[in-house]
$ cat entry.cif   # mmCIF, C-alpha atoms
data_target
loop_
_atom_site.label_atom_id
_atom_site.label_comp_id
_atom_site.auth_asym_id
_atom_site.auth_seq_id
_atom_site.Cartn_x
_atom_site.Cartn_y
_atom_site.Cartn_z
CA MET A 1 -16.48 0.86 -46.36
CA MET A 2 -18.87 -1.78 -45.21
CA ARG A 3 -17.73 -5.28 -46.11
CA SER A 4 -20.23 -7.02 -48.29
CA ASP A 5 -19.47 -10.52 -47.06
CA GLY A 6 -21.39 -10.58 -43.85
CA GLY A 7 -23.13 -8.86 -40.99
CA ALA A 8 -26.42 -7.13 -40.73
CA GLY A 9 -28.23 -4.35 -39.00
CA GLY A 10 -31.51 -3.94 -37.20
CA SER A 11 -34.18 -1.28 -36.97
CA GLY A 12 -32.67 1.04 -34.42
CA ARG A 13 -35.07 3.80 -35.32
CA GLN A 14 -38.16 1.95 -34.12
CA ARG A 15 -36.37 1.13 -30.90
CA GLY A 16 -35.31 4.76 -30.63
CA LEU A 17 -38.90 5.87 -31.18
CA VAL A 18 -40.11 3.70 -28.33
CA MET A 19 -37.39 5.02 -26.04
CA ARG A 20 -38.18 8.62 -26.98
CA LEU A 21 -41.90 8.13 -26.46
CA TRP A 22 -41.18 6.76 -23.00
CA GLY A 23 -38.78 9.63 -22.38
CA GLY A 24 -41.37 12.13 -23.56
CA LEU A 25 -44.00 10.64 -21.26
CA LEU A 26 -41.63 10.81 -18.30
CA CYS A 27 -40.80 14.42 -19.15
CA VAL A 28 -44.49 15.33 -19.23
CA LEU A 29 -45.09 13.64 -15.89
CA TRP A 30 -42.08 15.45 -14.44
CA ALA A 31 -43.01 18.78 -15.97
CA VAL A 32 -46.57 19.02 -14.71
CA PRO A 33 -45.72 20.00 -11.13
CA THR A 34 -42.69 22.01 -12.29
CA LEU A 35 -44.71 24.15 -14.69
CA ALA A 36 -47.31 24.72 -12.04
CA ALA A 37 -44.63 26.14 -9.77
CA ASP A 38 -42.89 28.21 -12.46
CA PRO A 39 -45.11 29.26 -15.35
CA ALA A 40 -42.30 30.84 -17.42
CA PRO A 41 -39.09 28.91 -16.76
CA ASP A 42 -35.86 29.80 -18.53
CA SER A 43 -34.83 26.48 -20.05
CA GLY A 44 -31.13 27.38 -20.09
CA GLN A 45 -30.66 25.13 -23.09
CA ARG A 46 -27.60 25.94 -25.18
CA PHE A 47 -27.93 22.98 -27.51
CA VAL A 48 -30.76 20.85 -28.77
CA ASP A 49 -30.84 17.62 -30.73
CA LEU A 50 -31.24 18.27 -34.46
CA ILE A 51 -34.24 15.96 -34.33
CA ASP A 52 -35.89 18.46 -32.00
CA HIS A 53 -35.27 21.63 -34.02
CA PRO A 54 -37.20 23.92 -34.07
CA ALA A 55 -39.62 22.02 -31.82
CA PRO A 56 -39.56 18.60 -30.15
CA GLU A 57 -39.37 15.93 -32.91
CA ALA A 58 -40.21 18.52 -35.59
CA ASN A 59 -37.19 17.44 -37.67
CA TRP A 60 -37.62 13.70 -37.03
CA ASP A 61 -38.33 12.51 -40.57
CA ARG A 62 -35.75 14.71 -42.27
CA PHE A 63 -33.01 13.80 -39.81
CA PHE A 64 -33.54 10.04 -40.11
CA ALA A 65 -33.75 10.36 -43.89
CA LEU A 66 -30.31 11.97 -43.71
CA GLU A 67 -29.01 9.21 -41.43
CA ASP A 68 -30.26 6.57 -43.88
CA HIS A 69 -28.82 8.50 -46.83
CA LEU A 70 -25.36 8.63 -45.26
CA ALA A 71 -25.52 4.96 -44.30
CA GLN A 72 -26.46 3.97 -47.86
CA ALA A 73 -23.58 6.03 -49.23
CA PHE A 74 -21.29 4.30 -46.74
CA GLY A 75 -22.48 0.91 -48.02
CA ALA A 76 -22.05 1.97 -51.64
CA ASP A 77 -18.46 3.03 -50.95
CA CYS A 78 -17.84 -0.36 -49.42
CA ALA A 79 -19.34 -2.18 -52.37
CA ASP A 80 -16.91 -0.23 -54.54
CA GLY A 81 -13.98 -1.65 -52.58
CA ALA A 82 -13.32 1.12 -50.08
CA CYS A 83 -13.58 -1.42 -47.23
CA SER A 84 -11.18 -4.01 -48.50
CA ALA A 85 -8.11 -2.45 -46.89
CA ARG A 86 -9.61 -2.84 -43.43
CA PRO A 87 -10.11 -6.15 -41.66
CA TRP A 88 -13.42 -5.21 -40.04
CA PHE A 89 -16.96 -5.57 -41.19
CA LEU A 90 -18.15 -1.98 -40.71
CA LEU A 91 -21.66 -0.86 -39.84
CA PRO A 92 -22.91 2.71 -39.36
CA MET A 93 -24.75 2.59 -36.05
CA GLN A 94 -26.09 6.03 -35.31
CA LEU A 95 -25.83 9.69 -36.29
CA ARG A 96 -26.49 12.41 -33.74
CA CYS A 97 -26.22 16.19 -34.26
CA SER A 98 -26.59 19.18 -31.97
CA VAL A 99 -28.07 22.56 -32.86
CA ARG A 100 -26.91 25.73 -31.10
CA VAL A 101 -30.12 27.25 -29.81
CA ALA A 102 -28.87 30.86 -29.93
CA ASP A 103 -28.42 30.98 -33.71
CA ALA A 104 -30.13 27.79 -34.94
CA THR A 105 -26.96 26.40 -36.46
CA VAL A 106 -25.71 22.80 -36.51
CA ALA A 107 -22.89 22.85 -33.96
CA ALA A 108 -21.59 19.27 -34.01
CA CYS A 109 -22.38 15.82 -35.36
CA VAL A 110 -21.06 12.42 -34.34
CA TRP A 111 -21.41 9.36 -36.54
CA VAL A 112 -21.05 6.10 -34.59
CA ILE A 113 -19.49 3.30 -36.64
CA ALA A 114 -19.05 -0.28 -35.41
CA GLY A 115 -16.47 -2.72 -36.72
CA SER A 116 -16.17 -6.48 -36.25
CA ASP A 117 -13.37 -8.83 -37.17
CA LEU A 118 -13.88 -12.42 -36.06
CA ARG A 119 -10.90 -14.43 -37.19
CA VAL A 120 -10.61 -18.22 -36.98
CA ARG A 121 -7.22 -19.37 -35.73
CA ALA A 122 -5.66 -22.69 -36.66
CA VAL A 123 -6.17 -24.01 -33.15
CA GLY A 124 -9.92 -23.52 -33.43
CA ARG A 125 -10.19 -20.36 -31.39
CA ILE A 126 -12.07 -17.39 -32.82
CA GLU A 127 -10.35 -14.13 -31.93
CA PRO A 128 -12.81 -11.25 -31.75
CA ASP A 129 -11.86 -7.67 -32.49
CA VAL A 130 -15.06 -5.66 -32.11
CA VAL A 131 -14.71 -1.89 -31.92
CA VAL A 132 -16.64 1.37 -32.10
CA TRP A 133 -15.57 4.69 -33.60
CA ARG A 134 -17.09 8.05 -32.72
CA CYS A 135 -16.51 9.99 -35.92
CA PRO A 136 -17.24 13.73 -36.05
CA LEU A 137 -18.67 15.15 -39.25
CA PRO A 138 -16.49 18.01 -40.48
CA LEU A 139 -18.12 21.27 -39.35
CA PRO A 140 -16.65 24.76 -38.94
CA VAL A 141 -15.00 25.15 -35.54
CA SER A 142 -15.91 28.75 -34.79
CA GLU A 143 -19.45 28.85 -36.11
CA GLY A 144 -22.06 26.32 -37.09
CA ILE A 145 -24.00 25.86 -40.30
CA PRO A 146 -27.64 26.95 -40.50
CA VAL A 147 -29.88 23.92 -40.20
CA GLU A 148 -31.47 24.41 -43.60
CA ALA A 149 -28.09 24.82 -45.31
CA PHE A 150 -26.78 21.70 -43.56
CA HIS A 151 -29.62 19.52 -44.80
CA ALA A 152 -29.53 21.04 -48.28
CA ALA A 153 -25.78 20.45 -48.64
CA LEU A 154 -26.06 16.76 -47.80
CA ASP A 155 -29.18 16.14 -49.90
CA VAL A 156 -27.15 15.05 -52.93
CA ASP A 157 -26.47 11.72 -54.62
CA ASP A 158 -23.11 11.26 -52.92
CA PRO A 159 -23.26 12.99 -49.54
CA LEU A 160 -19.83 11.62 -48.57
CA SER A 161 -18.22 13.79 -51.23
CA VAL A 162 -19.70 16.96 -49.74
CA ARG A 163 -17.42 19.59 -48.26
CA LEU A 164 -19.65 21.50 -45.87
CA PRO A 165 -19.37 25.32 -45.91
CA GLY A 166 -16.41 26.57 -43.94
CA THR A 167 -14.64 23.21 -43.77
CA ARG A 168 -11.50 21.85 -45.42
CA SER A 169 -12.34 18.18 -45.81
CA THR A 170 -15.18 16.19 -47.29
CA VAL A 171 -17.31 13.89 -45.18
CA ARG A 172 -15.50 10.93 -46.78
CA GLN A 173 -12.05 12.30 -45.99
CA SER A 174 -13.04 13.00 -42.44
CA LEU A 175 -14.51 9.52 -42.07
CA HIS A 176 -11.39 7.84 -43.44
CA ALA A 177 -9.23 9.84 -41.06
CA CYS A 178 -11.45 8.81 -38.16
CA LEU A 179 -11.43 5.12 -39.08
CA ALA A 180 -7.63 5.21 -39.41
CA HIS A 181 -7.47 5.65 -35.63
CA PRO A 182 -7.94 2.68 -33.34
CA GLY A 183 -11.56 2.15 -32.45
CA LEU A 184 -12.59 1.74 -28.84
CA ARG A 185 -12.91 -1.78 -27.48
CA SER A 186 -15.08 -2.77 -24.56
CA MET B 1 4.61 -15.18 -60.80
CA SER B 2 2.55 -17.82 -62.55
CA ALA B 3 -1.14 -18.33 -61.94
CA THR B 4 -0.42 -21.74 -60.43
CA THR B 5 2.02 -20.25 -57.95
CA THR B 6 -0.46 -17.54 -57.01
CA LEU B 7 -3.15 -20.14 -56.43
CA LEU B 8 -0.82 -22.25 -54.31
CA LEU B 9 0.15 -19.29 -52.15
CA ALA B 10 -3.53 -18.54 -51.58
CA VAL B 11 -4.46 -22.11 -50.70
CA LEU B 12 -1.39 -23.10 -48.65
CA PRO B 13 -2.57 -21.46 -45.42
CA TRP B 14 -5.89 -23.22 -45.82
CA LEU B 15 -4.16 -26.58 -46.31
CA ALA B 16 -1.92 -26.01 -43.30
CA ALA B 17 -4.72 -25.02 -40.95
CA GLY B 18 -6.33 -27.59 -38.71
CA GLN B 19 -9.29 -25.31 -38.11
CA ILE B 20 -10.82 -23.06 -40.72
CA ASP B 21 -13.66 -20.59 -41.14
CA ALA B 22 -16.90 -22.44 -41.86
CA ARG B 23 -17.28 -20.35 -45.01
CA ASP B 24 -14.13 -22.02 -46.35
CA HIS B 25 -15.41 -25.55 -45.91
CA PRO B 26 -15.10 -27.87 -47.77
CA ARG B 27 -12.91 -25.56 -49.87
CA PRO B 28 -12.12 -21.84 -49.75
CA SER B 29 -15.34 -19.75 -50.10
CA GLU B 30 -17.45 -22.81 -50.98
CA GLY B 31 -19.37 -22.64 -47.72
CA THR B 32 -20.13 -18.93 -47.87
CA ALA B 33 -23.63 -19.12 -49.35
CA ALA B 34 -24.98 -21.72 -46.92
CA PHE B 35 -23.38 -19.97 -43.97
CA SER B 36 -24.90 -16.64 -44.99
CA VAL B 37 -28.37 -18.22 -44.98
CA MET B 38 -27.85 -19.30 -41.35
CA GLU B 39 -26.43 -15.92 -40.35
CA ARG B 40 -29.33 -14.05 -41.93
CA ALA B 41 -31.87 -16.33 -40.24
CA LEU B 42 -30.33 -15.68 -36.83
CA VAL B 43 -30.10 -11.92 -37.44
CA ARG B 44 -33.75 -11.78 -38.54
CA GLY B 45 -34.72 -13.55 -35.33
CA PHE B 46 -32.61 -11.16 -33.28
CA ASP B 47 -34.05 -8.06 -34.96
CA ALA B 48 -37.58 -9.37 -34.47
CA ILE B 49 -37.28 -9.75 -30.70
CA CYS B 50 -34.70 -7.12 -29.81
CA GLY B 51 -37.18 -4.31 -29.18
CA ASP B 52 -38.93 -6.37 -26.50
CA THR B 53 -35.81 -7.90 -24.99
CA PHE B 54 -32.16 -6.94 -25.34
CA CYS B 55 -32.89 -3.47 -26.73
CA GLU B 56 -34.82 -2.52 -23.61
CA GLY B 57 -31.54 -2.19 -21.74
CA ASP B 58 -28.98 0.60 -21.69
CA PHE B 59 -28.42 0.38 -25.44
CA SER B 60 -31.66 0.66 -27.37
CA ASN B 61 -29.68 0.74 -30.60
CA LEU B 62 -28.23 -2.76 -30.50
CA ARG B 63 -27.06 -4.41 -33.72
CA ALA B 64 -25.89 -7.85 -34.70
CA LEU B 65 -22.62 -7.46 -36.57
CA GLN B 66 -21.03 -10.74 -37.57
CA LEU B 67 -21.29 -14.49 -36.99
CA ARG B 68 -18.33 -16.78 -37.55
CA CYS B 69 -17.77 -20.48 -36.87
CA ALA B 70 -14.60 -22.56 -36.78
CA VAL B 71 -14.62 -26.09 -38.19
CA GLN B 72 -12.05 -28.86 -38.43
CA ARG B 73 -10.79 -28.76 -41.99
CA THR B 74 -10.70 -32.52 -42.52
CA SER B 75 -13.85 -33.66 -40.68
CA GLY B 76 -16.06 -30.57 -40.99
CA ALA B 77 -16.93 -30.75 -37.30
CA VAL B 78 -17.80 -27.38 -35.77
CA THR B 79 -15.62 -26.40 -32.83
CA ALA B 80 -16.77 -22.86 -32.01
CA CYS B 81 -19.11 -20.07 -33.11
CA VAL B 82 -18.93 -16.42 -32.08
CA TRP B 83 -21.56 -13.76 -32.76
CA SER B 84 -20.55 -10.09 -32.40
CA PHE B 85 -22.77 -7.16 -31.45
CA ALA B 86 -22.49 -3.43 -30.89
CA GLY B 87 -24.77 -1.09 -29.00
CA SER B 88 -24.84 2.69 -28.89
CA TYR B 89 -26.77 5.43 -27.18
CA ALA B 90 -26.07 8.98 -28.32
CA TYR B 91 -27.65 12.14 -26.99
CA VAL B 92 -27.21 15.89 -26.91
CA ASP B 93 -26.35 17.42 -23.55
CA ALA B 94 -28.50 20.53 -23.70
CA GLU B 95 -26.51 22.58 -21.22
CA LYS B 96 -22.87 21.61 -21.70
CA GLU B 97 -21.15 20.56 -24.88
CA ALA B 98 -21.96 20.85 -28.55
CA THR B 99 -20.53 17.42 -29.28
CA PRO B 100 -23.17 14.75 -28.70
CA VAL B 101 -22.40 12.29 -25.94
CA VAL B 102 -21.98 8.70 -27.12
CA GLU B 103 -22.13 5.64 -24.94
CA ALA B 104 -21.23 2.44 -26.74
CA ARG B 105 -20.36 -1.19 -26.05
CA THR B 106 -19.42 -4.26 -27.99
CA TRP B 107 -19.90 -7.95 -27.33
CA ALA B 108 -18.51 -11.21 -28.72
CA CYS B 109 -20.94 -13.96 -27.74
CA SER B 110 -20.07 -17.65 -27.99
CA LEU B 111 -22.77 -20.06 -29.08
CA PRO B 112 -22.70 -23.28 -27.03
CA ILE B 113 -21.68 -25.68 -29.78
CA VAL B 114 -21.63 -29.38 -28.82
CA PRO B 115 -18.17 -30.68 -29.80
CA GLY B 116 -18.28 -32.77 -32.93
CA THR B 117 -21.39 -31.18 -34.42
CA PRO B 118 -21.15 -31.62 -38.21
CA LEU B 119 -21.31 -28.30 -40.04
CA PRO B 120 -24.17 -29.39 -42.34
CA VAL B 121 -26.23 -30.33 -39.26
CA LEU B 122 -25.64 -26.96 -37.66
CA LEU B 123 -26.52 -25.14 -40.89
CA GLY B 124 -29.64 -27.23 -41.35
CA THR B 125 -30.77 -26.65 -37.77
CA LEU B 126 -30.28 -22.90 -37.57
CA SER B 127 -31.28 -21.71 -41.03
CA GLY B 128 -35.04 -21.87 -40.54
CA ARG B 129 -37.59 -19.29 -39.60
CA ASP B 130 -37.26 -19.85 -35.84
CA ALA B 131 -33.50 -20.18 -35.85
CA LEU B 132 -33.00 -18.02 -32.77
CA ASP B 133 -35.31 -20.22 -30.67
CA THR B 134 -34.16 -23.56 -32.02
CA PRO B 135 -31.94 -25.67 -29.72
CA LEU B 136 -28.44 -26.20 -31.03
CA PRO B 137 -27.77 -29.75 -32.28
CA GLY B 138 -27.25 -32.10 -29.34
CA SER B 139 -28.17 -29.40 -26.84
CA ARG B 140 -31.20 -27.96 -25.10
CA GLN B 141 -29.87 -24.43 -25.29
CA THR B 142 -31.02 -22.05 -28.02
CA PRO B 143 -29.04 -19.16 -29.51
CA TYR B 144 -31.50 -16.81 -27.78
CA GLU B 145 -30.66 -18.30 -24.39
CA ALA B 146 -26.96 -18.00 -25.14
CA LEU B 147 -27.42 -14.32 -25.96
CA THR B 148 -29.37 -13.79 -22.76
CA ASP B 149 -26.29 -14.87 -20.84
CA CYS B 150 -23.98 -12.72 -22.98
CA LEU B 151 -25.66 -9.39 -23.76
#
$ encode --input "entry.cif" --output "structure tokens"
Amino acid sequence: MMRSDGGAGGSGRQRGLVMRLWGGLLCVLWAVPTLAADPAPDSGQRFVDLIDHPAPEANWDRFFALEDHLAQAFGADCADGACSARPWFLLPMQLRCSVRVADATVAACVWVIAGSDLRVRAVGRIEPDVVVWRCPLPLPVSEGIPVEAFHAALDVDDPLSVRLPGTRSTVRQSLHACLAHPGLRS
Amino acid sequence: MSATTTLLLAVLPWLAAGQIDARDHPRPSEGTAAFSVMERALVRGFDAICGDTFCEGDFSNLRALQLRCAVQRTSGAVTACVWSFAGSYAYVDAEKEATPVVEARTWACSLPIVPGTPLPVLLGTLSGRDALDTPLPGSRQTPYEALTDCL
């Protein structure tokens, strides 16, 4: 779905790493006096980032490998002509998933996709149409998918063709449905 | 429909337009390769400095999307260039909702093209290693400085 005639992406992961390291440092600085006051706090966390399951950053490599895998599949679909019906150059920006702490299941995932259409008008003006979609991955509504099963299901050659357990549509079908809606402009 | 008719229908809009996409100059698609070299050079420069500059802001995940320039079809003079970007920041709210929160923004940044700049001059100027920090032809302003005002 990504047009092959232009555009490019950067290394968001390295930037994300820096931000998370700073965030982690700030958390440590904040936590020192807090822990001293309450040695056994109840975190109250209902959800945790999939990156941080089962411990902070424990799933870092596997999660970003999945994000890359999905993005590559997205690009391959585009190279096969799946993008040609849409005017935008499409770029997968970011994948983020939550894990329900109570049962260690993947509760929800959002795949952020950006689209750009810069069209030259006869009068010399370039009309920009730059949008962002927040596309959910298809997951069961009532219950999540165990983390291990989630990763295993998508660790295939064509992850977009996967229909996750308990869902009716494939990742590709869900993505197409999402991109059929107007993206958000800002 | 004959092949000639099909070709004419494809080319007629190009012939009628006073301003065209730089990738279609001097003829449809003939400028694509040279333009892509310039676009890639600028994107490389952006990616190299983003972590220490623009990506330190609210959107650490900031990506260059697309660069397009308009040129006069007959003279090849560049009249405008726009560079699009998107930024996102997604996180899990530990105490509230399962669905990750996503903050996102887009930008369409104009490069300060000096009117009358020939397309080959622009391509030659901004296709090198330091494209992002190279002043635009006839100007003191660099693409980096233009982005600083925009992003």
$ resolve_selection --input "entry.cif" --expression "the PyMOL selection byres ((chain B) within 8 of (chain A))" --output "ChimeraX atom specification"
/B:17-21,36,39-40,43,47,51,55,60-72,79-82,84-88,90-100,102,104-108
$ write_last_selection --input "entry.cif" --atoms "C-alpha atoms" --output "PDB file, in the coordinates of the input"
ATOM      1  CA  ALA B  17      -4.720 -25.020 -40.950  1.00  0.00           C
ATOM      2  CA  GLY B  18      -6.330 -27.590 -38.710  1.00  0.00           C
ATOM      3  CA  GLN B  19      -9.290 -25.310 -38.110  1.00  0.00           C
ATOM      4  CA  ILE B  20     -10.820 -23.060 -40.720  1.00  0.00           C
ATOM      5  CA  ASP B  21     -13.660 -20.590 -41.140  1.00  0.00           C
ATOM      6  CA  SER B  36     -24.900 -16.640 -44.990  1.00  0.00           C
ATOM      7  CA  GLU B  39     -26.430 -15.920 -40.350  1.00  0.00           C
ATOM      8  CA  ARG B  40     -29.330 -14.050 -41.930  1.00  0.00           C
ATOM      9  CA  VAL B  43     -30.100 -11.920 -37.440  1.00  0.00           C
ATOM     10  CA  ASP B  47     -34.050  -8.060 -34.960  1.00  0.00           C
ATOM     11  CA  GLY B  51     -37.180  -4.310 -29.180  1.00  0.00           C
ATOM     12  CA  CYS B  55     -32.890  -3.470 -26.730  1.00  0.00           C
ATOM     13  CA  SER B  60     -31.660   0.660 -27.370  1.00  0.00           C
ATOM     14  CA  ASN B  61     -29.680   0.740 -30.600  1.00  0.00           C
ATOM     15  CA  LEU B  62     -28.230  -2.760 -30.500  1.00  0.00           C
ATOM     16  CA  ARG B  63     -27.060  -4.410 -33.720  1.00  0.00           C
ATOM     17  CA  ALA B  64     -25.890  -7.850 -34.700  1.00  0.00           C
ATOM     18  CA  LEU B  65     -22.620  -7.460 -36.570  1.00  0.00           C
ATOM     19  CA  GLN B  66     -21.030 -10.740 -37.570  1.00  0.00           C
ATOM     20  CA  LEU B  67     -21.290 -14.490 -36.990  1.00  0.00           C
ATOM     21  CA  ARG B  68     -18.330 -16.780 -37.550  1.00  0.00           C
ATOM     22  CA  CYS B  69     -17.770 -20.480 -36.870  1.00  0.00           C
ATOM     23  CA  ALA B  70     -14.600 -22.560 -36.780  1.00  0.00           C
ATOM     24  CA  VAL B  71     -14.620 -26.090 -38.190  1.00  0.00           C
ATOM     25  CA  GLN B  72     -12.050 -28.860 -38.430  1.00  0.00           C
ATOM     26  CA  THR B  79     -15.620 -26.400 -32.830  1.00  0.00           C
ATOM     27  CA  ALA B  80     -16.770 -22.860 -32.010  1.00  0.00           C
ATOM     28  CA  CYS B  81     -19.110 -20.070 -33.110  1.00  0.00           C
ATOM     29  CA  VAL B  82     -18.930 -16.420 -32.080  1.00  0.00           C
ATOM     30  CA  SER B  84     -20.550 -10.090 -32.400  1.00  0.00           C
ATOM     31  CA  PHE B  85     -22.770  -7.160 -31.450  1.00  0.00           C
ATOM     32  CA  ALA B  86     -22.490  -3.430 -30.890  1.00  0.00           C
ATOM     33  CA  GLY B  87     -24.770  -1.090 -29.000  1.00  0.00           C
ATOM     34  CA  SER B  88     -24.840   2.690 -28.890  1.00  0.00           C
ATOM     35  CA  ALA B  90     -26.070   8.980 -28.320  1.00  0.00           C
ATOM     36  CA  TYR B  91     -27.650  12.140 -26.990  1.00  0.00           C
ATOM     37  CA  VAL B  92     -27.210  15.890 -26.910  1.00  0.00           C
ATOM     38  CA  ASP B  93     -26.350  17.420 -23.550  1.00  0.00           C
ATOM     39  CA  ALA B  94     -28.500  20.530 -23.700  1.00  0.00           C
ATOM     40  CA  GLU B  95     -26.510  22.580 -21.220  1.00  0.00           C
ATOM     41  CA  LYS B  96     -22.870  21.610 -21.700  1.00  0.00           C
ATOM     42  CA  GLU B  97     -21.150  20.560 -24.880  1.00  0.00           C
ATOM     43  CA  ALA B  98     -21.960  20.850 -28.550  1.00  0.00           C
ATOM     44  CA  THR B  99     -20.530  17.420 -29.280  1.00  0.00           C
ATOM     45  CA  PRO B 100     -23.170  14.750 -28.700  1.00  0.00           C
ATOM     46  CA  VAL B 102     -21.980   8.700 -27.120  1.00  0.00           C
ATOM     47  CA  ALA B 104     -21.230   2.440 -26.740  1.00  0.00           C
ATOM     48  CA  ARG B 105     -20.360  -1.190 -26.050  1.00  0.00           C
ATOM     49  CA  THR B 106     -19.420  -4.260 -27.990  1.00  0.00           C
ATOM     50  CA  TRP B 107     -19.900  -7.950 -27.330  1.00  0.00           C
ATOM     51  CA  ALA B 108     -18.510 -11.210 -28.720  1.00  0.00           C
TER      52      ALA B 108
END
$ closest_residue --input "entry.cif" --among "B:Glu145, B:Pro118, B:Gly138, B:Asp130" --to "B:Phe54" --atoms "all atoms listed in the file"
B:Glu145
$ resolve_selection --input "entry.cif" --expression "the PyMOL selection byres ((chain B and resi 111) around 7)" --output "mmCIF file with C-alpha atoms, in the frame of the given file"
data_model
loop_
_atom_site.group_PDB
_atom_site.id
_atom_site.type_symbol
_atom_site.label_atom_id
_atom_site.label_comp_id
_atom_site.auth_asym_id
_atom_site.auth_seq_id
_atom_site.Cartn_x
_atom_site.Cartn_y
_atom_site.Cartn_z
ATOM 1 C CA CYS B 81 -19.110 -20.070 -33.110
ATOM 2 C CA VAL B 82 -18.930 -16.420 -32.080
ATOM 3 C CA CYS B 109 -20.940 -13.960 -27.740
ATOM 4 C CA SER B 110 -20.070 -17.650 -27.990
ATOM 5 C CA PRO B 112 -22.700 -23.280 -27.030
ATOM 6 C CA ILE B 113 -21.680 -25.680 -29.780
ATOM 7 C CA PRO B 143 -29.040 -19.160 -29.510
ATOM 8 C CA ALA B 146 -26.960 -18.000 -25.140
#
$ closest_residue --input "entry.cif" --among "A:Asp68, A:Glu148, A:Glu143, A:Asp77" --to "A:Arg172" --atoms "only C-alpha atoms"
A:Asp77
$ atom_distance --input "entry.cif" --atom1 "atom CA of B:Pro137" --atom2 "atom CA of B:Leu42"
15.0 Å
$ atom_distance --input "entry.cif" --atom1 "atom CA of A:His69" --atom2 "atom CA of A:Gly166"
22.1 Å
$ atom_distance --input "entry.cif" --atom1 "atom CA of A:Phe74" --atom2 "atom CA of A:Leu160"
7.7 Å
$ residues_around --input "entry.cif" --residues "A:Pro165" --least-positions-apart "4" --cutoff "12 Å" --atoms "only C-alpha atoms" --output "PyMOL selection string"
chain A and resi 106+138-141+143-146+149-154+169-171
$ closest_residue --input "entry.cif" --among "B:Glu103, B:Ala33, B:Ala41, B:Cys150" --to "B:Thr125" --atoms "all atoms listed in the file"
B:Ala41
$ closest_residue --input "entry.cif" --among "A:Pro159, A:Val147, A:Leu137, A:Arg86" --to "A:His53" --atoms "all atoms listed in the file"
A:Val147
$ closest_residue --input "entry.cif" --among "B:Gly31, B:Pro26, B:Val101, B:Met38" --to "B:Leu126" --atoms "all atoms listed in the file"
B:Met38
$ resolve_selection --input "entry.cif" --expression "the PyMOL selection byres ((chain A and resi 82) around 12)" --output "CSV table (one decimal) with C-alpha atoms, keeping the file's coordinate frame"
chain,number,residue,atom,x,y,z
A,1,MET,CA,-16.5,0.9,-46.4
A,2,MET,CA,-18.9,-1.8,-45.2
A,3,ARG,CA,-17.7,-5.3,-46.1
A,4,SER,CA,-20.2,-7.0,-48.3
A,73,ALA,CA,-23.6,6.0,-49.2
A,74,PHE,CA,-21.3,4.3,-46.7
A,75,GLY,CA,-22.5,0.9,-48.0
A,76,ALA,CA,-22.0,2.0,-51.6
A,77,ASP,CA,-18.5,3.0,-51.0
A,78,CYS,CA,-17.8,-0.4,-49.4
A,79,ALA,CA,-19.3,-2.2,-52.4
A,80,ASP,CA,-16.9,-0.2,-54.5
A,81,GLY,CA,-14.0,-1.6,-52.6
A,83,CYS,CA,-13.6,-1.4,-47.2
A,84,SER,CA,-11.2,-4.0,-48.5
A,85,ALA,CA,-8.1,-2.4,-46.9
A,86,ARG,CA,-9.6,-2.8,-43.4
A,87,PRO,CA,-10.1,-6.2,-41.7
A,88,TRP,CA,-13.4,-5.2,-40.0
A,89,PHE,CA,-17.0,-5.6,-41.2
A,90,LEU,CA,-18.2,-2.0,-40.7
A,172,ARG,CA,-15.5,10.9,-46.8
A,173,GLN,CA,-12.0,12.3,-46.0
A,175,LEU,CA,-14.5,9.5,-42.1
A,176,HIS,CA,-11.4,7.8,-43.4
A,179,LEU,CA,-11.4,5.1,-39.1
$ closest_residue --input "entry.cif" --among "A:Val162, A:Ile51, A:Leu66, A:Val156" --to "A:Ser174" --atoms "all atoms listed in the file"
A:Val162
$ decode --input "entry.cif" --residues "stretch 112-135 of chain B" --atoms "C-alpha atoms" --output "PDB file, in the first residue's frame"
ATOM      1  CA  PRO B 112      11.905  29.207  -0.028  1.00  0.00           C
ATOM      2  CA  ILE B 113      12.503  28.913  -3.750  1.00  0.00           C
ATOM      3  CA  VAL B 114      13.804  32.061  -5.485  1.00  0.00           C
ATOM      4  CA  PRO B 115      11.438  32.708  -8.420  1.00  0.00           C
ATOM      5  CA  GLY B 116      12.979  31.759 -11.718  1.00  0.00           C
ATOM      6  CA  THR B 117      15.375  29.140 -10.350  1.00  0.00           C
ATOM      7  CA  PRO B 118      16.050  26.674 -13.185  1.00  0.00           C
ATOM      8  CA  LEU B 119      15.165  23.112 -12.217  1.00  0.00           C
ATOM      9  CA  PRO B 120      18.593  21.701 -13.164  1.00  0.00           C
ATOM     10  CA  VAL B 121      20.240  24.288 -10.891  1.00  0.00           C
ATOM     11  CA  LEU B 122      18.027  23.337  -7.971  1.00  0.00           C
ATOM     12  CA  LEU B 123      18.658  19.626  -8.548  1.00  0.00           C
ATOM     13  CA  GLY B 124      22.394  20.195  -8.831  1.00  0.00           C
ATOM     14  CA  THR B 125      22.494  22.279  -5.660  1.00  0.00           C
ATOM     15  CA  LEU B 126      20.465  20.038  -3.376  1.00  0.00           C
ATOM     16  CA  SER B 127      21.515  16.556  -4.445  1.00  0.00           C
ATOM     17  CA  GLY B 128      24.841  16.451  -2.616  1.00  0.00           C
ATOM     18  CA  ARG B 129      25.870  15.066   0.708  1.00  0.00           C
ATOM     19  CA  ASP B 130      25.112  18.260   2.651  1.00  0.00           C
ATOM     20  CA  ALA B 131      21.892  19.040   0.829  1.00  0.00           C
ATOM     21  CA  LEU B 132      19.982  19.966   3.975  1.00  0.00           C
ATOM     22  CA  ASP B 133      22.561  22.612   4.937  1.00  0.00           C
ATOM     23  CA  THR B 134      23.166  23.992   1.461  1.00  0.00           C
ATOM     24  CA  PRO B 135      21.626  27.402   0.673  1.00  0.00           C
TER      25      PRO B 135
END
